[in-house]
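Undergrad: This is the content of upload.cif (mmCIF, C-alpha atoms and all ligand atoms):
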data_coords
#
loop_
_atom_site.group_PDB
_atom_site.id
_atom_site.type_symbol
_atom_site.label_atom_id
_atom_site.label_comp_id
_atom_site.auth_asym_id
_atom_site.auth_seq_id
_atom_site.Cartn_x
_atom_site.Cartn_y
_atom_site.Cartn_z
ATOM 1 C CA MET C 1270 8.027 29.734 7.271
ATOM 2 C CA ALA C 1271 10.794 29.143 9.814
ATOM 3 C CA GLU C 1272 9.457 31.974 12.028
ATOM 4 C CA ASP C 1273 6.173 30.047 12.389
ATOM 5 C CA PHE C 1274 8.015 27.686 14.747
ATOM 6 C CA LYS C 1275 8.672 30.376 17.341
ATOM 7 C CA ASP C 1276 6.983 29.548 20.677
ATOM 8 C CA LYS C 1277 5.429 26.388 19.185
ATOM 9 C CA VAL C 1278 5.478 23.166 21.221
ATOM 10 C CA ILE C 1279 7.696 20.524 19.619
ATOM 11 C CA VAL C 1280 7.643 17.022 21.134
ATOM 12 C CA ILE C 1281 10.687 14.876 20.369
ATOM 13 C CA THR C 1282 11.029 11.242 21.464
ATOM 14 C CA GLY C 1283 14.460 9.660 21.895
ATOM 15 C CA ALA C 1284 15.624 13.207 22.663
ATOM 16 C CA ALA C 1285 18.539 12.384 24.961
ATOM 17 C CA SER C 1286 20.966 11.220 22.282
ATOM 18 C CA GLY C 1287 22.028 11.431 18.646
ATOM 19 C CA LEU C 1288 19.497 12.750 16.157
ATOM 20 C CA GLY C 1289 16.849 13.511 18.808
ATOM 21 C CA TYR C 1290 19.303 15.683 20.750
ATOM 22 C CA ALA C 1291 20.312 17.543 17.571
ATOM 23 C CA LEU C 1292 16.643 18.075 16.654
ATOM 24 C CA CYS C 1293 16.001 19.605 20.094
ATOM 25 C CA MET C 1294 18.853 22.059 19.491
ATOM 26 C CA ARG C 1295 17.665 22.941 15.967
ATOM 27 C CA PHE C 1296 14.069 23.642 16.966
ATOM 28 C CA ALA C 1297 15.273 25.529 20.056
ATOM 29 C CA GLN C 1298 17.311 27.755 17.711
ATOM 30 C CA ALA C 1299 14.036 28.554 15.909
ATOM 31 C CA GLY C 1300 12.521 29.679 19.233
ATOM 32 C CA SER C 1301 10.328 26.606 19.689
ATOM 33 C CA ARG C 1302 9.426 25.255 23.104
ATOM 34 C CA ILE C 1303 10.915 21.796 23.483
ATOM 35 C CA ALA C 1304 9.193 18.857 25.174
ATOM 36 C CA ALA C 1305 11.879 16.178 25.299
ATOM 37 C CA ILE C 1306 10.908 12.537 25.880
ATOM 38 C CA ASP C 1307 13.361 9.714 26.582
ATOM 39 C CA LYS C 1308 13.796 6.780 28.938
ATOM 40 C CA ASP C 1309 17.370 7.908 29.682
ATOM 41 C CA GLU C 1310 17.028 10.103 32.776
ATOM 42 C CA LYS C 1311 20.678 11.198 32.923
ATOM 43 C CA GLY C 1312 20.770 12.014 29.221
ATOM 44 C CA LEU C 1313 17.599 14.087 29.550
ATOM 45 C CA ALA C 1314 19.043 16.075 32.468
ATOM 46 C CA ALA C 1315 22.150 16.920 30.404
ATOM 47 C CA LEU C 1316 19.938 17.914 27.466
ATOM 48 C CA ALA C 1317 17.820 20.209 29.669
ATOM 49 C CA GLU C 1318 20.961 21.889 30.997
ATOM 50 C CA GLU C 1319 22.219 22.576 27.468
ATOM 51 C CA LEU C 1320 18.820 23.812 26.233
ATOM 52 C CA THR C 1321 18.426 26.099 29.249
ATOM 53 C CA SER C 1322 21.955 27.487 28.804
ATOM 54 C CA ARG C 1323 20.949 28.397 25.230
ATOM 55 C CA GLY C 1324 17.879 30.224 26.556
ATOM 56 C CA ALA C 1325 15.387 27.679 25.207
ATOM 57 C CA VAL C 1326 12.075 27.046 26.941
ATOM 58 C CA ASN C 1327 12.095 23.314 27.599
ATOM 59 C CA ASP C 1328 10.771 20.525 29.763
ATOM 60 C CA ILE C 1329 11.930 16.918 30.005
ATOM 61 C CA PHE C 1330 9.732 13.848 30.380
ATOM 62 C CA ILE C 1331 11.098 10.472 31.403
ATOM 63 C CA CYS C 1332 8.989 8.000 29.481
ATOM 64 C CA ASP C 1333 9.375 4.594 27.847
ATOM 65 C CA VAL C 1334 7.512 4.910 24.548
ATOM 66 C CA THR C 1335 6.628 1.195 24.618
ATOM 67 C CA ASP C 1336 4.459 1.778 27.699
ATOM 68 C CA GLU C 1337 1.093 2.989 26.373
ATOM 69 C CA ALA C 1338 -0.222 4.230 29.744
ATOM 70 C CA MET C 1339 3.002 6.124 30.431
ATOM 71 C CA VAL C 1340 2.873 7.701 26.956
ATOM 72 C CA ASN C 1341 -0.755 8.807 27.491
ATOM 73 C CA ASP C 1342 0.128 10.382 30.860
ATOM 74 C CA THR C 1343 3.216 12.073 29.396
ATOM 75 C CA ILE C 1344 1.476 13.604 26.377
ATOM 76 C CA ARG C 1345 -1.385 14.818 28.609
ATOM 77 C CA ASP C 1346 1.180 16.316 30.969
ATOM 78 C CA ILE C 1347 2.952 18.093 28.075
ATOM 79 C CA ILE C 1348 -0.302 19.613 26.776
ATOM 80 C CA ASN C 1349 -1.330 20.736 30.294
ATOM 81 C CA LYS C 1350 2.049 22.317 31.036
ATOM 82 C CA MET C 1351 3.077 23.670 27.627
ATOM 83 C CA GLY C 1352 -0.071 23.870 25.459
ATOM 84 C CA ASP C 1353 -1.144 22.157 22.239
ATOM 85 C CA ILE C 1354 1.447 20.311 20.202
ATOM 86 C CA TYR C 1355 2.610 21.734 16.861
ATOM 87 C CA VAL C 1356 5.110 19.015 15.903
ATOM 88 C CA LEU C 1357 5.539 15.460 17.186
ATOM 89 C CA ILE C 1358 8.794 13.810 16.107
ATOM 90 C CA ASN C 1359 8.669 10.037 16.570
ATOM 91 C CA ASN C 1360 12.413 9.485 16.747
ATOM 92 C CA ALA C 1361 13.068 6.948 19.555
ATOM 93 C CA GLY C 1362 14.453 3.763 18.072
ATOM 94 C CA VAL C 1363 16.862 0.894 18.353
ATOM 95 C CA SER C 1364 18.041 -1.706 15.827
ATOM 96 C CA HIS C 1365 19.435 -5.203 15.944
ATOM 97 C CA ILE C 1366 22.098 -6.613 13.679
ATOM 98 C CA SER C 1367 21.602 -10.383 13.514
ATOM 99 C CA LEU C 1368 20.285 -12.915 11.046
ATOM 100 C CA PHE C 1369 16.627 -13.829 11.537
ATOM 101 C CA GLN C 1370 17.519 -17.473 12.281
ATOM 102 C CA LYS C 1371 19.864 -16.348 15.061
ATOM 103 C CA THR C 1372 17.555 -13.728 16.562
ATOM 104 C CA ARG C 1373 15.190 -14.261 19.467
ATOM 105 C CA VAL C 1374 11.618 -13.231 18.747
ATOM 106 C CA SER C 1375 11.769 -11.099 21.928
ATOM 107 C CA VAL C 1376 14.487 -8.997 20.262
ATOM 108 C CA LEU C 1377 12.452 -8.491 17.079
ATOM 109 C CA LYS C 1378 9.466 -7.576 19.252
ATOM 110 C CA LYS C 1379 11.466 -5.054 21.267
ATOM 111 C CA VAL C 1380 12.700 -3.285 18.124
ATOM 112 C CA ILE C 1381 9.154 -3.204 16.683
ATOM 113 C CA ASP C 1382 7.658 -2.082 20.013
ATOM 114 C CA ILE C 1383 9.933 0.968 20.199
ATOM 115 C CA SER C 1384 9.834 2.239 16.605
ATOM 116 C CA LEU C 1385 6.349 1.147 15.549
ATOM 117 C CA PHE C 1386 4.199 0.878 18.667
ATOM 118 C CA GLY C 1387 6.042 3.795 20.279
ATOM 119 C CA THR C 1388 5.065 5.865 17.228
ATOM 120 C CA ILE C 1389 1.474 4.617 17.338
ATOM 121 C CA TYR C 1390 1.071 5.336 21.088
ATOM 122 C CA CYS C 1391 2.597 8.834 20.894
ATOM 123 C CA THR C 1392 0.648 9.745 17.760
ATOM 124 C CA LYS C 1393 -2.630 8.400 19.181
ATOM 125 C CA ALA C 1394 -2.188 10.470 22.345
ATOM 126 C CA ALA C 1395 -1.169 13.644 20.468
ATOM 127 C CA ILE C 1396 -3.251 13.619 17.270
ATOM 128 C CA ASP C 1397 -6.268 15.648 18.495
ATOM 129 C CA SER C 1398 -3.923 18.338 19.786
ATOM 130 C CA ILE C 1399 -1.920 18.344 16.509
ATOM 131 C CA ILE C 1400 -5.114 18.672 14.455
ATOM 132 C CA LYS C 1401 -6.079 21.707 16.582
ATOM 133 C CA THR C 1402 -2.783 23.456 15.730
ATOM 134 C CA HIS C 1403 -2.737 22.235 12.092
ATOM 135 C CA GLY C 1404 0.598 20.757 13.047
ATOM 136 C CA THR C 1405 2.792 17.900 11.830
ATOM 137 C CA VAL C 1406 3.460 14.286 12.818
ATOM 138 C CA ILE C 1407 6.944 13.109 11.834
ATOM 139 C CA GLY C 1408 8.369 9.588 11.730
ATOM 140 C CA ILE C 1409 12.110 8.966 11.595
ATOM 141 C CA ALA C 1410 12.369 5.873 9.429
ATOM 142 C CA SER C 1411 15.363 4.483 7.552
ATOM 143 C CA VAL C 1412 16.450 2.880 4.284
ATOM 144 C CA ALA C 1413 15.095 -0.230 6.066
ATOM 145 C CA GLY C 1414 11.671 1.486 5.860
ATOM 146 C CA TYR C 1415 11.420 1.056 2.076
ATOM 147 C CA ALA C 1416 14.028 -1.558 1.050
ATOM 148 C CA PRO C 1417 15.580 -4.752 2.438
ATOM 149 C CA LEU C 1418 18.589 -4.529 4.758
ATOM 150 C CA ALA C 1419 20.116 -7.921 5.596
ATOM 151 C CA GLY C 1420 20.547 -8.630 9.301
ATOM 152 C CA ARG C 1421 17.763 -6.252 10.322
ATOM 153 C CA THR C 1422 14.479 -8.125 9.799
ATOM 154 C CA GLY C 1423 12.953 -6.654 12.973
ATOM 155 C CA TYR C 1424 14.165 -3.144 12.200
ATOM 156 C CA ALA C 1425 12.833 -3.394 8.631
ATOM 157 C CA ALA C 1426 9.480 -4.622 9.944
ATOM 158 C CA ALA C 1427 9.364 -1.707 12.408
ATOM 159 C CA LYS C 1428 10.314 0.970 9.887
ATOM 160 C CA HIS C 1429 8.173 -0.410 7.008
ATOM 161 C CA GLY C 1430 5.325 -0.526 9.560
ATOM 162 C CA MET C 1431 5.985 3.056 10.587
ATOM 163 C CA ALA C 1432 5.934 4.138 6.931
ATOM 164 C CA GLY C 1433 2.674 2.321 6.223
ATOM 165 C CA PHE C 1434 1.072 3.680 9.383
ATOM 166 C CA LEU C 1435 2.067 7.311 8.781
ATOM 167 C CA ASN C 1436 1.458 7.367 5.013
ATOM 168 C CA THR C 1437 -2.066 6.081 5.690
ATOM 169 C CA LEU C 1438 -2.642 8.447 8.614
ATOM 170 C CA ARG C 1439 -1.813 11.344 6.249
ATOM 171 C CA THR C 1440 -4.761 10.408 4.021
ATOM 172 C CA GLU C 1441 -7.079 10.615 7.048
ATOM 173 C CA VAL C 1442 -5.868 13.820 8.740
ATOM 174 C CA ASP C 1443 -4.985 15.879 5.681
ATOM 175 C CA ARG C 1444 -8.567 17.208 5.361
ATOM 176 C CA ALA C 1445 -8.429 18.307 9.015
ATOM 177 C CA GLY C 1446 -5.332 20.370 8.237
ATOM 178 C CA ALA C 1447 -2.700 18.209 9.929
ATOM 179 C CA LYS C 1448 0.458 17.164 8.087
ATOM 180 C CA VAL C 1449 2.547 13.994 8.149
ATOM 181 C CA MET C 1450 6.190 13.691 7.137
ATOM 182 C CA LEU C 1451 8.355 10.596 6.848
ATOM 183 C CA VAL C 1452 12.137 10.779 7.007
ATOM 184 C CA PHE C 1453 14.040 7.910 5.400
ATOM 185 C CA ALA C 1454 17.631 8.304 6.534
ATOM 186 C CA SER C 1455 20.890 6.537 5.749
ATOM 187 C CA TYR C 1456 23.845 6.613 8.123
ATOM 188 C CA ILE C 1457 24.005 9.271 10.821
ATOM 189 C CA LYS C 1458 26.878 9.314 13.310
ATOM 190 C CA THR C 1459 25.022 8.702 16.601
ATOM 191 C CA ASN C 1460 24.998 6.214 19.474
ATOM 192 C CA LEU C 1461 22.682 3.902 17.490
ATOM 193 C CA ALA C 1462 25.646 1.702 16.508
ATOM 194 C CA ARG C 1463 26.584 1.130 20.149
ATOM 195 C CA ASN C 1464 22.931 0.620 21.136
ATOM 196 C CA ASN C 1465 22.288 -1.955 18.370
ATOM 197 C CA LEU C 1466 21.228 -5.317 19.754
ATOM 198 C CA ASN C 1467 22.689 -8.741 19.091
ATOM 199 C CA GLY C 1468 20.340 -11.623 18.323
ATOM 200 C CA ASP C 1469 20.164 -12.509 22.035
ATOM 201 C CA GLY C 1470 19.205 -8.942 23.025
ATOM 202 C CA THR C 1471 22.572 -7.839 24.435
ATOM 203 C CA PRO C 1472 23.897 -4.469 23.202
ATOM 204 C CA MET C 1473 26.558 -4.751 20.438
ATOM 205 C CA ASP C 1474 28.679 -2.051 22.040
ATOM 206 C CA HIS C 1475 30.918 -1.575 19.007
ATOM 207 C CA GLU C 1476 30.843 0.535 15.879
ATOM 208 C CA ARG C 1477 29.067 -1.161 13.024
ATOM 209 C CA ILE C 1478 30.469 -1.318 9.519
ATOM 210 C CA THR C 1479 28.817 1.414 7.465
ATOM 211 C CA SER C 1480 28.552 1.916 3.749
ATOM 212 C CA GLY C 1481 28.437 5.200 1.871
ATOM 213 C CA ASP C 1482 28.124 8.662 3.323
ATOM 214 C CA VAL C 1483 27.901 9.320 7.052
ATOM 215 C CA MET C 1484 26.023 12.424 8.214
ATOM 216 C CA LEU C 1485 26.497 14.323 11.430
ATOM 217 C CA PRO C 1486 23.350 14.539 13.580
ATOM 218 C CA GLU C 1487 23.402 18.339 13.282
ATOM 219 C CA GLU C 1488 23.390 18.112 9.467
ATOM 220 C CA ALA C 1489 20.526 15.624 9.568
ATOM 221 C CA ALA C 1490 18.576 17.838 12.001
ATOM 222 C CA GLU C 1491 19.082 20.879 9.739
ATOM 223 C CA SER C 1492 17.694 19.003 6.710
ATOM 224 C CA ILE C 1493 14.736 17.701 8.720
ATOM 225 C CA PHE C 1494 13.978 21.183 10.070
ATOM 226 C CA ASN C 1495 14.038 22.658 6.544
ATOM 227 C CA ALA C 1496 11.799 19.881 5.228
ATOM 228 C CA VAL C 1497 9.210 20.545 7.979
ATOM 229 C CA VAL C 1498 9.297 24.266 7.188
ATOM 230 C CA GLN C 1499 8.685 23.414 3.500
ATOM 231 C CA GLU C 1500 5.809 21.106 4.557
ATOM 232 C CA GLU C 1501 7.389 18.169 2.714
ATOM 233 C CA ARG C 1502 5.581 14.811 2.877
ATOM 234 C CA GLN C 1503 8.800 12.862 2.741
ATOM 235 C CA LEU C 1504 12.529 13.416 3.105
ATOM 236 C CA ILE C 1505 15.055 10.949 1.697
ATOM 237 C CA LEU C 1506 18.023 11.902 3.846
ATOM 238 C CA GLY C 1507 21.584 11.152 2.708
ATOM 239 C CA GLU C 1508 23.233 10.129 -0.557
ATOM 240 C CA THR C 1509 23.027 6.417 0.259
ATOM 241 C CA ALA C 1510 19.335 6.729 1.096
ATOM 242 C CA GLN C 1511 18.644 8.524 -2.213
ATOM 243 C CA ALA C 1512 20.694 6.070 -4.316
ATOM 244 C CA SER C 1513 19.018 3.112 -2.571
ATOM 245 C CA TRP C 1514 15.563 4.630 -3.082
ATOM 246 C CA ASP C 1515 16.184 5.094 -6.836
ATOM 247 C CA LEU C 1516 17.857 1.726 -7.405
ATOM 248 C CA PHE C 1517 15.412 -0.362 -5.369
ATOM 249 C CA ARG C 1518 12.554 1.062 -7.443
ATOM 250 C CA SER C 1519 14.215 0.635 -10.828
ATOM 251 C CA ASP C 1520 16.188 -2.592 -10.296
ATOM 252 C CA PRO C 1521 15.506 -4.373 -6.960
ATOM 253 C CA GLN C 1522 17.802 -7.312 -7.676
ATOM 254 C CA THR C 1523 20.820 -5.098 -8.326
ATOM 255 C CA TYR C 1524 19.931 -3.152 -5.171
ATOM 256 C CA GLU C 1525 19.973 -6.443 -3.213
ATOM 257 C CA GLN C 1526 23.361 -7.473 -4.637
ATOM 258 C CA ILE C 1527 24.962 -4.138 -3.757
ATOM 259 C CA MET C 1528 23.314 -4.039 -0.313
ATOM 260 C CA LEU C 1529 24.577 -7.588 0.400
ATOM 261 C CA SER C 1530 28.114 -6.699 -0.702
ATOM 262 C CA PHE C 1531 28.157 -3.988 1.994
ATOM 263 C CA ASN C 1532 26.450 -6.146 4.627
ATOM 264 C CA ASP C 1533 28.150 -9.487 4.063
ATOM 265 C CA TYR C 1534 29.560 -9.333 7.616
ATOM 266 C CA VAL C 1535 26.122 -10.091 9.094
ATOM 267 C CA PHE C 1536 26.495 -13.688 7.883
ATOM 268 C CA GLU C 1537 29.633 -14.050 10.015
ATOM 269 C CA GLU C 1538 28.459 -12.426 13.300
HETATM 270 N N1 LIG C 1601 21.939 6.617 13.201
HETATM 271 C C1 LIG C 1601 21.581 6.180 12.009
HETATM 272 O O1 LIG C 1601 22.407 5.808 11.177
HETATM 273 C C2 LIG C 1601 20.120 6.154 11.638
HETATM 274 C C3 LIG C 1601 19.770 5.927 10.303
HETATM 275 C C4 LIG C 1601 18.412 5.895 9.966
HETATM 276 C C5 LIG C 1601 17.446 6.082 10.932
HETATM 277 N N2 LIG C 1601 17.823 6.284 12.233
HETATM 278 C C6 LIG C 1601 16.779 6.444 13.230
HETATM 279 O O2 LIG C 1601 16.982 7.653 13.931
HETATM 280 C C7 LIG C 1601 16.346 7.561 15.210
HETATM 281 C C8 LIG C 1601 17.276 8.123 16.285
HETATM 282 O O3 LIG C 1601 18.343 7.242 16.468
HETATM 283 P P1 LIG C 1601 19.844 7.722 16.758
HETATM 284 O O4 LIG C 1601 20.629 7.314 15.570
HETATM 285 O O5 LIG C 1601 19.863 9.124 17.204
HETATM 286 O O6 LIG C 1601 20.219 6.700 17.945
HETATM 287 P P2 LIG C 1601 20.633 6.926 19.472
HETATM 288 O O7 LIG C 1601 20.827 5.553 20.018
HETATM 289 O O8 LIG C 1601 21.770 7.882 19.556
HETATM 290 O O9 LIG C 1601 19.351 7.596 20.138
HETATM 291 C C9 LIG C 1601 18.150 6.889 20.352
HETATM 292 C C10 LIG C 1601 17.460 7.453 21.576
HETATM 293 O O10 LIG C 1601 16.204 6.760 21.729
HETATM 294 C C11 LIG C 1601 16.022 6.501 23.117
HETATM 295 N N3 LIG C 1601 15.124 5.360 23.318
HETATM 296 C C12 LIG C 1601 15.352 4.066 22.968
HETATM 297 N N4 LIG C 1601 14.323 3.307 23.380
HETATM 298 C C13 LIG C 1601 13.425 4.123 23.963
HETATM 299 C C14 LIG C 1601 12.177 3.915 24.588
HETATM 300 N N5 LIG C 1601 11.638 2.689 24.678
HETATM 301 N N6 LIG C 1601 11.518 4.980 25.100
HETATM 302 C C15 LIG C 1601 12.067 6.223 25.043
HETATM 303 N N7 LIG C 1601 13.260 6.475 24.458
HETATM 304 C C16 LIG C 1601 13.934 5.443 23.927
HETATM 305 C C17 LIG C 1601 17.426 6.207 23.629
HETATM 306 O O11 LIG C 1601 17.496 6.340 25.060
HETATM 307 C C18 LIG C 1601 18.233 7.246 22.870
HETATM 308 O O12 LIG C 1601 18.306 8.457 23.612
HETATM 309 C C19 LIG C 1601 15.985 6.082 15.396
HETATM 310 O O13 LIG C 1601 14.597 5.901 15.172
HETATM 311 C C20 LIG C 1601 16.785 5.390 14.317
HETATM 312 O O14 LIG C 1601 16.162 4.203 13.888
HETATM 313 C C21 LIG C 1601 19.131 6.334 12.605
#
In structure tokens, what does this structure look like?
TA:
Amino acid sequence: MAEDFKDKVIVITGAASGLGYALCMRFAQAGSRIAAIDKDEKGLAALAEELTSRGAVNDIFICDVTDEAMVNDTIRDIINKMGDIYVLINNAGVSHISLFQKTRVSVLKKVIDISLFGTIYCTKAAIDSIIKTHGTVIGIASVAGYAPLAGRTGYAAAKHGMAGFLNTLRTEVDRAGAKVMLVFASYIKTNLARNNLNGDGTPMDHERITSGDVMLPEEAAESIFNAVVQEERQLILGETAQASWDLFRSDPQTYEQIMLSFNDYVFEE
């Protein structure tokens, strides 16, 4: 029930931009109390101003999710200030677009550290609290979390890892009344494209070439909110994500051919 989210504490990582920002607004609209985590101090301040102007109870927490000690302190701080956590949305993420042979291992590691270890650290710190509230852990994955995506070996490793971690966690916490939901999204119009890394770790700083439908962050946030209300285990978000999910399962080689036809440019970068 949507009304169940009123006054509940919702923790969102990567909250200062794109999908995370839109999720803060959507849960605030439901009357939730928003604990917003990001490493972007300026972005968080702007978010807090907007949330407050909409009358939402909120607090911001500057935190790099790859820093385990900082995550532990932040989650403890959130629980002390705001109470037990009802929903944790592991949303912070970055990708690279570069062939494996042309990508520094440090870049692959950075991408995996944010999406996978960031998720593990936040979930580890919050899980006892979430079990107490019979709440939900959410992971924002991607098509690269269940199928190959050329030029994103590190991103695919991070998102497949996130999916394996959270799908397995569900089997352990389900009996304690906690829920786990994975979101596998295709293209959302956010700052991710500009924040994508080149193989040497520098930001790409230009729009990437996309294939298929492009969702607005607000539309994506609405679908995610509805899926949490419905206690879904998984949300395949976007037409491209759904078509890829179906095709990769039924005919992986045809999926690869079509995916490569859209991503041929990665061989030229
Ligand atoms: N945009 C898409 O097309 C798309 C598609 C599928 C999945 N996703 C996933 O959605 C999530 C949100 O991405 P977005 O598209 O809104 O991108 P975005 O770049 O607009 O936002 C990402 C946010 O994460 C924050 N962040 C990055 N590293 C961090 C760290 N170490 N600690 C704390 N915060 C950190 C950034 O500061 C930023 O505010 C990501 O996990 C991404 O992989 C995006």
Undergrad: Please work out which residues fall within 12 Å of (24.4, 16.8, 6.6), coordinates as given in the file, with only C-alpha atoms counting, and return them as a PyMOL selection string.
TA: chain C and resi 1288+1291+1454-1458+1482-1495+1506-1508
Undergrad: Between CA of Met1294 in chain C and CA of Ser1322 in chain C, measure the distance and give it in Å to one decimal.
TA: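 Between CA of Met1294 in chain C and CA of Ser1322 in chain C the gap is 11.2 Å.
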Undergrad: Quick one: contact table of range 1336-1400 of chain C to range 1327-1332 of chain C, 12 Å max, nearest atom pair and distance in Å to one decimal per residue, counting all atoms listed in the file, chain and number order, as a tab-separated table?
TA:
residue	atom	partner	partner_atom	distance
C:Asp1336	CA	C:Cys1332	CA	7.9
C:Glu1337	CA	C:Cys1332	CA	9.9
C:Ala1338	CA	C:Cys1332	CA	10.0
C:Met1339	CA	C:Cys1332	CA	6.3
C:Val1340	CA	C:Cys1332	CA	6.6
C:Asn1341	CA	C:Cys1332	CA	10.0
C:Asp1342	CA	C:Cys1332	CA	9.3
C:Thr1343	CA	C:Phe1330	CA	6.8
C:Ile1344	CA	C:Phe1330	CA	9.2
C:Arg1345	CA	C:Phe1330	CA	11.3
C:Asp1346	CA	C:Phe1330	CA	8.9
C:Ile1347	CA	C:Phe1330	CA	8.3
C:Ile1348	CA	C:Asp1328	CA	11.5
C:Lys1350	CA	C:Asp1328	CA	9.0
C:Met1351	CA	C:Asp1328	CA	8.6
C:Ala1361	CA	C:Cys1332	CA	10.8
C:Ile1383	CA	C:Cys1332	CA	11.7
C:Gly1387	CA	C:Cys1332	CA	10.5
C:Tyr1390	CA	C:Cys1332	CA	11.8
C:Cys1391	CA	C:Cys1332	CA	10.7
Undergrad: So, counting only C-alpha atoms, which residue among C:Ala1510, C:Ala1325, C:Val1406, C:Ala1419 is closest to Thr1388 in chain C?
TA: C:Val1406
Undergrad: Do you know which residues are within 6 Å of ligand LIG 1601 (chain C) using all atoms listed in the file? Can you write them as a VMD selection string?
TA: chain C and resid 1283 to 1289 1307 to 1309 1332 to 1335 1360 to 1363 1383 1409 to 1411 1454 to 1461 1464
Undergrad: Under the PyMOL selection byres (((chain C and resi 1421) around 9) and not hetatm), which residues of this model are included? Write them out as a ChimeraX atom specification.
TA: /C:1364-1369,1377,1413,1417-1420,1422-1426
Undergrad: Excluding Val1376 in chain C and its own-chain neighbours fewer than 2 positions away, which residues fall within 7 Å of it when counting all atoms listed in the file? Please give them as number ranges by chain.
TA: C: 1372-1374, 1378-1380, 1468-1470
Undergrad: Work out how far CA of Asp1474 in chain C is from CA of Ile1358 in chain C, in Å to one decimal.
TA: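 Atom-to-atom, CA of Ile1358 in chain C and CA of Asp1474 in chain C are spaced 26.1 Å apart.
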